[in-house]
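The next block holds one structure in the form of structure tokens; read it before the comments.
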Amino acid sequence: MKTMSLAEIVSAVEGSYGYPADISVTSVSTDTRKISSGSVFIALKGDTFDGHDFAAQAMELGAEAVITERPVEGARCIIVDSTAKALLDLAHYYRMKFDIPLVGITGSVGKTTTKDMIACVLSRKFNTLKTQGNLNNEVGMPSTLLALDDDIQAAVIEMGMNHAGEMSRLSMCSSPTLCVITNIGVSHIENLGSQENILKAKLEILDGAFPDAPLILNRDDKLLANVDLRGSRKLMYYSSKKKDCEVYASGTTVEDCKVTFSINYGGSKYPAVISVPGEHNIRNALAAFCVGVSLGIDPAECAAGISDYKPEGMRQNIKQVNGLTLIVDCYNAAPDSMKAALSMLSQVSVAEGGQRICVLGDMLELGKNAKTYHKQVGEYTASSKADMLLCFGENSAYYIEGAVKKGFDPERCRHFETREALAEHLKTVVREGDAVLFKGSRGMKLEEVVKEFE
């Protein structure tokens with residue numbers, strides 16, 4: 001973060017402050033563990049904590065002031081109505097100091113992978129800041145914006161939401177110059193009620209966008225394919241197969257977990273390679289290509305930049321361990337991402353006579369239709385190349401019900417009450433040359449099973 005005056009900050013958050021404000025501030029933090037001399041601490045409140053309890057401590061650690069909703073003894077307080085709003089307001093004020101391309105990206109699934117691919121493409125031309133990990137909410141995203149400095153030439157900002165209005169606030173804070181929506185699934189349908197409401201909430205990404213910010217959409221998604229925008233905003237579609245899109249893929253081949261395809265754009269073909277299988281990842285790559293060409297990067301450079309993407313952590317991470325191929329994709333889960341992961345498993349090579357084993361945990365936050373969604377994923381499993389289905393979680397038994405209904409061998413299915421029992425059984429059935437997919441919502445902690453094989 002570049003230096004701001006305390007007076008600027010007081011003005012940006014519309015706060016009340018009764019002390020000298022001609023002081024330089026070099027960082028803003030919501031975490032006292034990151035406080036240093038020259039900081040301002042924002043006392044956020046959550047369900048299980050209250051940052052006001054740490055305001056005096058922040059001063060002791062070197063903070064110049066704290067942003068609070070009430071006076072706190074031992075602290076120089078900038079008093080505001082809402083510290084949560086103050087964080088967004090301050091991040092917006094700071095973001096507007098930078099005249100750079102800022103890509104806002106959202107979607108039900110795939111947004112983190114797409115964000116990382118976009119950053120790879122933009123890095124071919126710009127010094128690019130991107131959202132780290134999954135810091136895409138009303139705390140993480142403004143913190144990313146506050147990391148901008150004069151060396152940054154472009155930014156890729158991921159935006160997540162689970163209630164109406166959240167995306168609007170994130171957009172108003174970040175003011176994107178270009179927007180991307182990857183798809184409309186059923187994640188958080190428990191809160192939003194329907195996919196149509198999810199679409200409406202995702203389109204809030206335009207609320208704070210620049211008036212001329214293009215919108216890039218996945219035309220393979222049935223809801224996004226019919227988006228009707230008012231005004232003159234440019235709309236750019238991509239597809240993994242539909243040739244009437246501005247950008248589309250063709251000539252796809254898969255070998256050794258690498259996907260080779262051509263990107264069709266402007267009457268020319270550009271060869272591309274990604275290190276993660278699955279048609280959904282081709283779409284993610286096409287979105288990154290669209291962003292690159294929209295920002296003036298040569299199409300061939302955009303295609304080359306896509307190949308720089310490498311999966312990390314617990315998202316679509318393919319590992320070779322002791323003769324096994326492990327697909328670790330257990331950061332989050334929804335029906336669309338489960339189907340995408342099963343598609344990846346089907347495309348991964350196994351040894352002659354080898355098995356493709358699905359280790360699936362519950363999908364959370366699906367509301368009253370959770371049973372139906374789990375059954376549907378089970379049915380999809382039966383149509384994939386999976387040879388075995390091992391499940392953990394309260395609703396995961398419905399995977400088996402759906403799979404067996406569509407002809408999957410019930411003798412090749414097992415449900416477990418604990419991760420420990422699942423891991424012990426998996427050890428008895430897995431063989432060298434097998435491929436094993438680990439997929440479930442973050443709360444299921446399937447990474448603890450993965451550790452047994454690393």
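Going by the structure tokens order, chains are called A, B, ..., each with residues numbered from 1, while ligands are numbered from 1 in the order shown.
Residues with any atom within 6 Å of range 438-453 of chain A, counting only C-alpha atoms and excluding same-chain neighbours fewer than 4 positions away, are Val328, Asp329, Cys330, Tyr331, Asn332, Ala333, Val359, Leu360, Gly361, Asp362, Met363 and Ala423 of chain A.
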Restrict the calculation to only C-alpha atoms, then for each residue of range 50-125 of chain A with any atom at most 9 Å from an atom of range 149-154 of chain A give the closest atom pair and their distance in Å to one decimal, rows by chain and rising residue number, as CSV.
residue,atom,partner,partner_atom,distance
A:Phe98,CA,A:Asp150,CA,7.8
A:Asp99,CA,A:Gln153,CA,8.5
A:Ile100,CA,A:Ala154,CA,5.4
A:Pro101,CA,A:Ala154,CA,5.0
A:Leu102,CA,A:Ala154,CA,5.9
A:Val103,CA,A:Ala154,CA,8.0
A:Ala119,CA,A:Ala154,CA,8.9
A:Leu122,CA,A:Ala154,CA,7.5
A:Ser123,CA,A:Ala154,CA,8.6
A:Lys125,CA,A:Gln153,CA,8.9
Next, dump the selected residues to file, keeping only C-alpha atoms, as a PDB file, in the first residue's frame.
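Saved the output as again35.pdb:
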ATOM      1  CA  PHE A  98      -5.097   3.707  -9.661  1.00  0.00           C
ATOM      2  CA  ASP A  99      -5.970   4.099 -13.338  1.00  0.00           C
ATOM      3  CA  ILE A 100      -5.430   0.443 -14.273  1.00  0.00           C
ATOM      4  CA  PRO A 101      -7.426  -2.416 -15.798  1.00  0.00           C
ATOM      5  CA  LEU A 102      -9.251  -4.178 -12.974  1.00  0.00           C
ATOM      6  CA  VAL A 103     -10.974  -7.449 -13.847  1.00  0.00           C
ATOM      7  CA  ALA A 119      -3.639 -13.510 -14.088  1.00  0.00           C
ATOM      8  CA  LEU A 122      -2.300 -10.572 -18.057  1.00  0.00           C
ATOM      9  CA  SER A 123       1.147 -11.186 -16.593  1.00  0.00           C
ATOM     10  CA  LYS A 125       1.973  -7.760 -20.507  1.00  0.00           C
TER      11      LYS A 125
END
Quiz prompt | Selection near Leu88 in chain A, 9 Å with only C-alpha atoms, sequence-local residues under 3 positions removed, as a PyMOL selection string | solution = chain A and resi 13+83-85+91-93+138-139+141-142+169-170+172-174
Nearest to Ile357 in chain A, restricted to only C-alpha atoms and choosing among A:Leu326, A:Lys115, A:Ala340, A:Ser307, comes out as A:Leu326
- Task: Find the residue from A:His52, A:Arg315, A:Arg233, A:Arg70 that sits nearest to Val109 in chain A; use only C-alpha atoms when measuring.
- Result: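 Answer, going by the shortest atom-to-atom distance: A:Arg315.
Taking only C-alpha atoms into account, Thr112 in chain A lies nearest to A:Glu312 out of the set A:Glu352, A:Glu204, A:Asp81, A:Glu312.
For the atom pair formed by CA of Leu324 in chain A and CA of Gly433 in chain A, the distance is 5.4 Å, given to one decimal.
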